[in-house]
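Reviewing the structure listed below.
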Amino acid sequence: MQAVRRFPNPRLTGLGGGLFCIATMLLLGCLDALTFGSLTVYGVLFLPVCVLTAVWVRRNDLVTAPVVVPIAFAAGVVPVAEGGDGLGARLMGLVTALATQAGWLYGGTLIAGLIVTVRKVSLMARRRRANRRPV
């Protein structure tokens with residue numbers, strides 16, 4: 001139990017959660033492009049970021065987590081996506097990367113959505129129990 005208490009437990013606003021997720025995915029995308037250059041590695045790294053974003057967002061901003069996760073995936077895949085010279089080639093590489101890595105994108109969004117749903121149901125049950133108690 002002591003080990004669990006040592007982990008950070010930040011509570012991010014909706015905007016803070018979005019900025020955290022986007023900045024982390026951009027950083028991971030750049031690191032992946034410099035080291036492995038693999039979209040699969042990028043997809044695997046995306047899943048823990050989804051979990052952290054969904055866990056660290058405040059109770060009042062739970063709905064933002066599943067919304068910002070796909071945006072962050074798209075922003076971070078830009079450095080990893082293959083493309084040639086010119087805007088059109090880069091755009092085609094981005095679209096191809098998003099299409100071929102849709103499984104990671106949907107999986108991460110599903111994970112964030114499930115975590116947020118469980119947190120919301122738990123919050124609603126706690127409120128219901130608190131309202132039932134006589135004063």
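Convention: chains lettered A, B, ... in structure tokens order; per-chain residue numbering from 1; ligands numbered from 1 as shown.
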Spatial neighbours of Thr109 in chain A, 8 Å, only C-alpha atoms, chain gap at least 6 places, as a count of residues only = 4
Do you know which residues are at most 12 Å from range 20-30 of chain A counting only C-alpha atoms, after dropping those on the same chain fewer than 6 positions away, and could you put them as a ChimeraX atom specification?
-> /A:10-14,36-57,64-81,108,112
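A straight line drawn from CA of Gly17 in chain A to CA of Leu105 in chain A is 17.4 Å long.
Between CA of Gly103 in chain A and CA of Gly18 in chain A lies a distance of 21.0 Å.
The two atoms in question, CA of Asp32 in chain A and CA of Glu82 in chain A, are spaced 12.4 Å apart.
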